[in-house]
Amino acid sequence: MRLVIQRVSEAQVTVEGQVSGRIGPGLLALAGFAPTDNTASLTWMCRKLVQLRIFGDENGQMNRSVVDTDGEILVVSQFTLLADARKGNRPSYIGAAPLPIAEPLYQQFVAMVAKELGKPVPTGIFGADMKVSLLNDGPVTIVLDTPA
């Protein structure tokens, strides 16, 4: 699994002109899943996402998590995060989990994040052509891979 996490002042995802998810201050998490992902890897990534200390404290140091700031998290599926573009000019997506595997992983991950965060987690629509807009705060962008 790979996450691209952006600290945002606001973010939203739109599908066919309709907003499917919107947040204020918090984290936008673009999530890509591999065929080898399982509950253990989702749990590790979920905890890391929710506990990542990338928000400023009273001294301006990145010492607070999204939970500490009562922020929100928007999760958007993005299989292209698992692209391999080392050969040629056309990326290969063989490292991304196929739809029948990726969609349940995505749903499970979103549920885990909501539970860990203690509030609903807005999302995009899995497999849809989405438009994501955000106001990156910092900017702060972190790429996170499962330990394996």
# chains A, B, ... in the order shown; residues from 1 in each chain; ligands from 1
$ select_by_dssp --residues "range 6-146 of chain A" --states "strand (DSSP E)" --output "MDAnalysis selection string"
chainID A and resid 6:15 18:23 26:32 55:56 62:64 72:77 130:145
$ residues_around --residues "range 6-11 of chain A" --least-positions-apart "5" --cutoff "8 Å" --atoms "only C-alpha atoms" --output "list in words"
Arg22, Ile23, Gly24, Pro25, Gly26, Leu27, Leu28, Ala29, Ile54, Phe55, Leu74, Val132, Ser133, Leu134, Leu135, Asn136, Asp137, Gly138, Pro139, Val140, Thr141 and Ile142 of chain A
$ write_last_selection --atoms "N, CA and C atoms" --output "tab-separated table (two decimals), in the first residue's frame"
chain	number	residue	atom	x	y	z
A	22	ARG	N	-15.72	16.28	0.99
A	22	ARG	CA	-15.13	17.60	1.22
A	22	ARG	C	-14.69	17.68	2.67
A	23	ILE	N	-13.53	18.31	2.90
A	23	ILE	CA	-13.06	18.54	4.27
A	23	ILE	C	-12.52	19.95	4.41
A	24	GLY	N	-12.45	20.39	5.65
A	24	GLY	CA	-11.75	21.61	6.02
A	24	GLY	C	-10.32	21.23	6.39
A	25	PRO	N	-9.74	21.88	7.38
A	25	PRO	CA	-8.35	21.57	7.76
A	25	PRO	C	-8.17	20.10	8.13
A	26	GLY	N	-7.12	19.51	7.60
A	26	GLY	CA	-6.83	18.10	7.88
A	26	GLY	C	-5.89	17.51	6.88
A	27	LEU	N	-6.18	16.27	6.47
A	27	LEU	CA	-5.31	15.52	5.57
A	27	LEU	C	-6.08	14.99	4.38
A	28	LEU	N	-5.49	15.15	3.21
A	28	LEU	CA	-5.95	14.47	2.00
A	28	LEU	C	-5.04	13.27	1.84
A	29	ALA	N	-5.61	12.08	1.79
A	29	ALA	CA	-4.84	10.85	1.64
A	29	ALA	C	-5.22	10.17	0.33
A	54	ILE	N	2.31	16.04	11.89
A	54	ILE	CA	2.72	17.01	10.87
A	54	ILE	C	1.94	18.32	10.97
A	55	PHE	N	1.30	18.55	12.12
A	55	PHE	CA	0.60	19.81	12.37
A	55	PHE	C	1.37	20.58	13.44
A	74	LEU	N	-9.74	13.14	4.21
A	74	LEU	CA	-10.42	12.78	2.97
A	74	LEU	C	-9.58	11.71	2.30
A	132	VAL	N	-9.90	16.17	-8.05
A	132	VAL	CA	-9.53	16.46	-6.67
A	132	VAL	C	-8.95	17.87	-6.61
A	133	SER	N	-9.49	18.68	-5.73
A	133	SER	CA	-8.93	20.02	-5.53
A	133	SER	C	-8.55	20.17	-4.07
A	134	LEU	N	-7.48	20.92	-3.84
A	134	LEU	CA	-7.00	21.08	-2.48
A	134	LEU	C	-6.23	22.37	-2.33
A	135	LEU	N	-6.14	22.83	-1.11
A	135	LEU	CA	-5.28	23.94	-0.75
A	135	LEU	C	-4.27	23.35	0.21
A	136	ASN	N	-3.07	23.04	-0.33
A	136	ASN	CA	-2.02	22.42	0.47
A	136	ASN	C	-1.54	23.41	1.51
A	137	ASP	N	-1.42	22.97	2.74
A	137	ASP	CA	-1.01	23.81	3.86
A	137	ASP	C	0.45	23.53	4.17
A	138	GLY	N	1.30	24.47	3.86
A	138	GLY	CA	2.72	24.32	4.18
A	138	GLY	C	3.63	24.74	3.05
A	139	PRO	N	3.72	24.03	1.99
A	139	PRO	CA	3.09	22.74	1.71
A	139	PRO	C	3.76	21.60	2.49
A	140	VAL	N	2.93	20.65	2.88
A	140	VAL	CA	3.42	19.44	3.53
A	140	VAL	C	2.85	18.26	2.76
A	141	THR	N	3.74	17.44	2.21
A	141	THR	CA	3.35	16.23	1.48
A	141	THR	C	4.28	15.10	1.91
A	142	ILE	N	3.69	13.99	2.30
A	142	ILE	CA	4.44	12.82	2.79
A	142	ILE	C	4.03	11.61	1.94
$ atom_distance --atom1 "CA of Gly56 in chain A" --atom2 "CA of Thr69 in chain A"
9.0 Å
$ select_by_dssp --residues "range 23-97 of chain A" --states "alpha helix (DSSP H)" --output "ChimeraX atom specification"
/A:39-51
$ closest_residue --among "A:Val13, A:Val121, A:Leu105, A:Leu82" --to "Asp145 in chain A" --atoms "only C-alpha atoms"
A:Leu82
$ residues_around --residues "range 123-130 of chain A" --least-positions-apart "3" --cutoff "12 Å" --atoms "only C-alpha atoms" --output "PyMOL selection string"
chain A and resi 11-23+27-33+72-80+98-100+102-107+109-111+113-114+120+133
$ closest_residue --among "A:Leu52, A:Leu144, A:Ala96, A:Ile5" --to "Asp84 in chain A" --atoms "only C-alpha atoms"
A:Ala96
$ residues_around --residues "Val67 in chain A" --least-positions-apart "6" --cutoff "8 Å" --atoms "only C-alpha atoms" --output "MDAnalysis selection string"
chainID A and resid 50:51 117
$ write_last_selection --atoms "all heavy atoms" --output "PDB file, in the first residue's frame"
ATOM      1  N   VAL A  50      -3.244   8.499  10.926  1.00  0.00           N
ATOM      2  CA  VAL A  50      -3.966   9.225  11.961  1.00  0.00           C
ATOM      3  C   VAL A  50      -3.029   9.800  13.021  1.00  0.00           C
ATOM      4  O   VAL A  50      -3.299  10.861  13.588  1.00  0.00           O
ATOM      5  CB  VAL A  50      -5.045   8.303  12.586  1.00  0.00           C
ATOM      6  CG1 VAL A  50      -5.703   8.938  13.783  1.00  0.00           C
ATOM      7  CG2 VAL A  50      -6.086   7.941  11.536  1.00  0.00           C
ATOM      8  N   GLN A  51      -1.898   9.147  13.265  1.00  0.00           N
ATOM      9  CA  GLN A  51      -0.987   9.584  14.320  1.00  0.00           C
ATOM     10  C   GLN A  51       0.201  10.404  13.812  1.00  0.00           C
ATOM     11  O   GLN A  51       0.995  10.896  14.623  1.00  0.00           O
ATOM     12  CB  GLN A  51      -0.482   8.366  15.098  1.00  0.00           C
ATOM     13  CG  GLN A  51      -1.596   7.645  15.829  1.00  0.00           C
ATOM     14  CD  GLN A  51      -1.134   6.341  16.465  1.00  0.00           C
ATOM     15  OE1 GLN A  51       0.041   6.005  16.472  1.00  0.00           O
ATOM     16  NE2 GLN A  51      -2.077   5.591  17.001  1.00  0.00           N
ATOM     17  N   LEU A 117     -10.058   7.728  13.766  1.00  0.00           N
ATOM     18  CA  LEU A 117     -10.217   9.182  13.824  1.00  0.00           C
ATOM     19  C   LEU A 117     -11.374   9.585  14.735  1.00  0.00           C
ATOM     20  O   LEU A 117     -11.376  10.660  15.315  1.00  0.00           O
ATOM     21  CB  LEU A 117     -10.433   9.730  12.410  1.00  0.00           C
ATOM     22  CG  LEU A 117     -10.438  11.229  12.204  1.00  0.00           C
ATOM     23  CD1 LEU A 117      -9.095  11.847  12.608  1.00  0.00           C
ATOM     24  CD2 LEU A 117     -10.747  11.562  10.752  1.00  0.00           C
TER      25      LEU A 117
END
$ closest_residue --among "A:Met1, A:Asp57, A:Gly118, A:Arg86" --to "Pro35 in chain A" --atoms "only C-alpha atoms"
A:Met1
$ atom_distance --atom1 "CA of Ala40 in chain A" --atom2 "CA of Thr146 in chain A"
9.7 Å
$ atom_distance --atom1 "CA of Val66 in chain A" --atom2 "CA of Leu49 in chain A"
8.5 Å
$ residues_around --residues "Ala85 in chain A" --least-positions-apart "6" --cutoff "12 Å" --atoms "only C-alpha atoms" --output "JSON, numbers by chain"
{"A": [91, 92, 93, 94, 95]}
$ write_last_selection --atoms "all heavy atoms" --output "short mmCIF file (atom, residue, chain, number, x, y, z; two decimals), in the first residue's frame"
data_model
loop_
_atom_site.label_atom_id
_atom_site.label_comp_id
_atom_site.auth_asym_id
_atom_site.auth_seq_id
_atom_site.Cartn_x
_atom_site.Cartn_y
_atom_site.Cartn_z
N PRO A 91 3.69 3.97 -18.22
CA PRO A 91 3.75 3.29 -16.93
C PRO A 91 3.02 1.95 -16.96
O PRO A 91 2.02 1.78 -17.64
CB PRO A 91 3.04 4.25 -15.98
CG PRO A 91 3.04 5.57 -16.68
CD PRO A 91 3.03 5.27 -18.14
N SER A 92 3.55 1.03 -16.17
CA SER A 92 2.90 -0.26 -15.97
C SER A 92 2.19 -0.23 -14.62
O SER A 92 2.73 0.27 -13.64
CB SER A 92 3.95 -1.37 -15.95
OG SER A 92 3.38 -2.58 -15.49
N TYR A 93 0.99 -0.77 -14.60
CA TYR A 93 0.21 -0.79 -13.36
C TYR A 93 0.07 -2.20 -12.81
O TYR A 93 -0.81 -2.48 -12.00
CB TYR A 93 -1.18 -0.17 -13.61
CG TYR A 93 -1.05 1.25 -14.10
CD1 TYR A 93 -1.28 1.57 -15.43
CD2 TYR A 93 -0.67 2.27 -13.24
CE1 TYR A 93 -1.14 2.87 -15.89
CE2 TYR A 93 -0.53 3.57 -13.68
CZ TYR A 93 -0.77 3.87 -15.01
OH TYR A 93 -0.63 5.15 -15.45
N ILE A 94 0.98 -3.07 -13.19
CA ILE A 94 0.91 -4.46 -12.75
C ILE A 94 1.07 -4.59 -11.23
O ILE A 94 0.59 -5.56 -10.63
CB ILE A 94 1.94 -5.33 -13.51
CG1 ILE A 94 1.60 -6.80 -13.37
CG2 ILE A 94 3.35 -5.02 -13.04
CD1 ILE A 94 2.25 -7.68 -14.40
N GLY A 95 1.70 -3.59 -10.60
CA GLY A 95 1.88 -3.63 -9.15
C GLY A 95 0.65 -3.21 -8.36
O GLY A 95 0.61 -3.35 -7.14
#
$ decode --residues "range 15-64 of chain A" --atoms "C-alpha atoms" --output "short mmCIF file (atom, residue, chain, number, x, y, z; two decimals), in the first residue's frame"
data_model
loop_
_atom_site.label_atom_id
_atom_site.label_comp_id
_atom_site.auth_asym_id
_atom_site.auth_seq_id
_atom_site.Cartn_x
_atom_site.Cartn_y
_atom_site.Cartn_z
CA VAL A 15 -17.35 13.08 -9.65
CA GLU A 16 -19.39 14.11 -12.68
CA GLY A 17 -19.86 17.62 -11.29
CA GLN A 18 -21.08 16.41 -7.86
CA VAL A 19 -18.97 16.75 -4.71
CA SER A 20 -18.56 13.29 -3.19
CA GLY A 21 -16.30 14.35 -0.32
CA ARG A 22 -15.13 17.60 1.22
CA ILE A 23 -13.06 18.54 4.27
CA GLY A 24 -11.75 21.61 6.02
CA PRO A 25 -8.35 21.57 7.76
CA GLY A 26 -6.83 18.10 7.88
CA LEU A 27 -5.31 15.52 5.57
CA LEU A 28 -5.95 14.47 2.00
CA ALA A 29 -4.84 10.85 1.64
CA LEU A 30 -4.44 9.42 -1.86
CA ALA A 31 -4.40 5.63 -1.43
CA GLY A 32 -3.08 2.94 -3.75
CA PHE A 33 -3.35 -0.77 -2.95
CA ALA A 34 -1.12 -3.71 -3.89
CA PRO A 35 -2.30 -7.32 -4.31
CA THR A 36 -0.27 -8.32 -1.25
CA ASP A 37 -1.99 -5.86 1.10
CA ASN A 38 -3.89 -7.35 4.01
CA THR A 39 -5.52 -6.33 7.29
CA ALA A 40 -2.15 -5.99 9.01
CA SER A 41 -0.79 -3.59 6.38
CA LEU A 42 -4.03 -1.57 6.38
CA THR A 43 -3.94 -1.32 10.18
CA TRP A 44 -0.32 -0.13 10.15
CA MET A 45 -1.05 2.50 7.48
CA CYS A 46 -4.23 3.65 9.21
CA ARG A 47 -2.49 4.21 12.53
CA LYS A 48 0.43 5.94 10.84
CA LEU A 49 -1.92 8.26 8.92
CA VAL A 50 -3.97 9.22 11.96
CA GLN A 51 -0.99 9.58 14.32
CA LEU A 52 1.44 11.30 11.91
CA ARG A 53 2.66 14.44 13.68
CA ILE A 54 2.72 17.01 10.87
CA PHE A 55 0.60 19.81 12.37
CA GLY A 56 2.12 22.73 14.23
CA ASP A 57 2.03 23.04 18.00
CA GLU A 58 2.03 26.28 20.00
CA ASN A 59 5.72 26.75 19.11
CA GLY A 60 5.23 26.17 15.40
CA GLN A 61 6.88 22.74 15.54
CA MET A 62 5.28 19.84 13.65
CA ASN A 63 4.33 17.99 16.79
CA ARG A 64 0.58 17.39 16.53
#
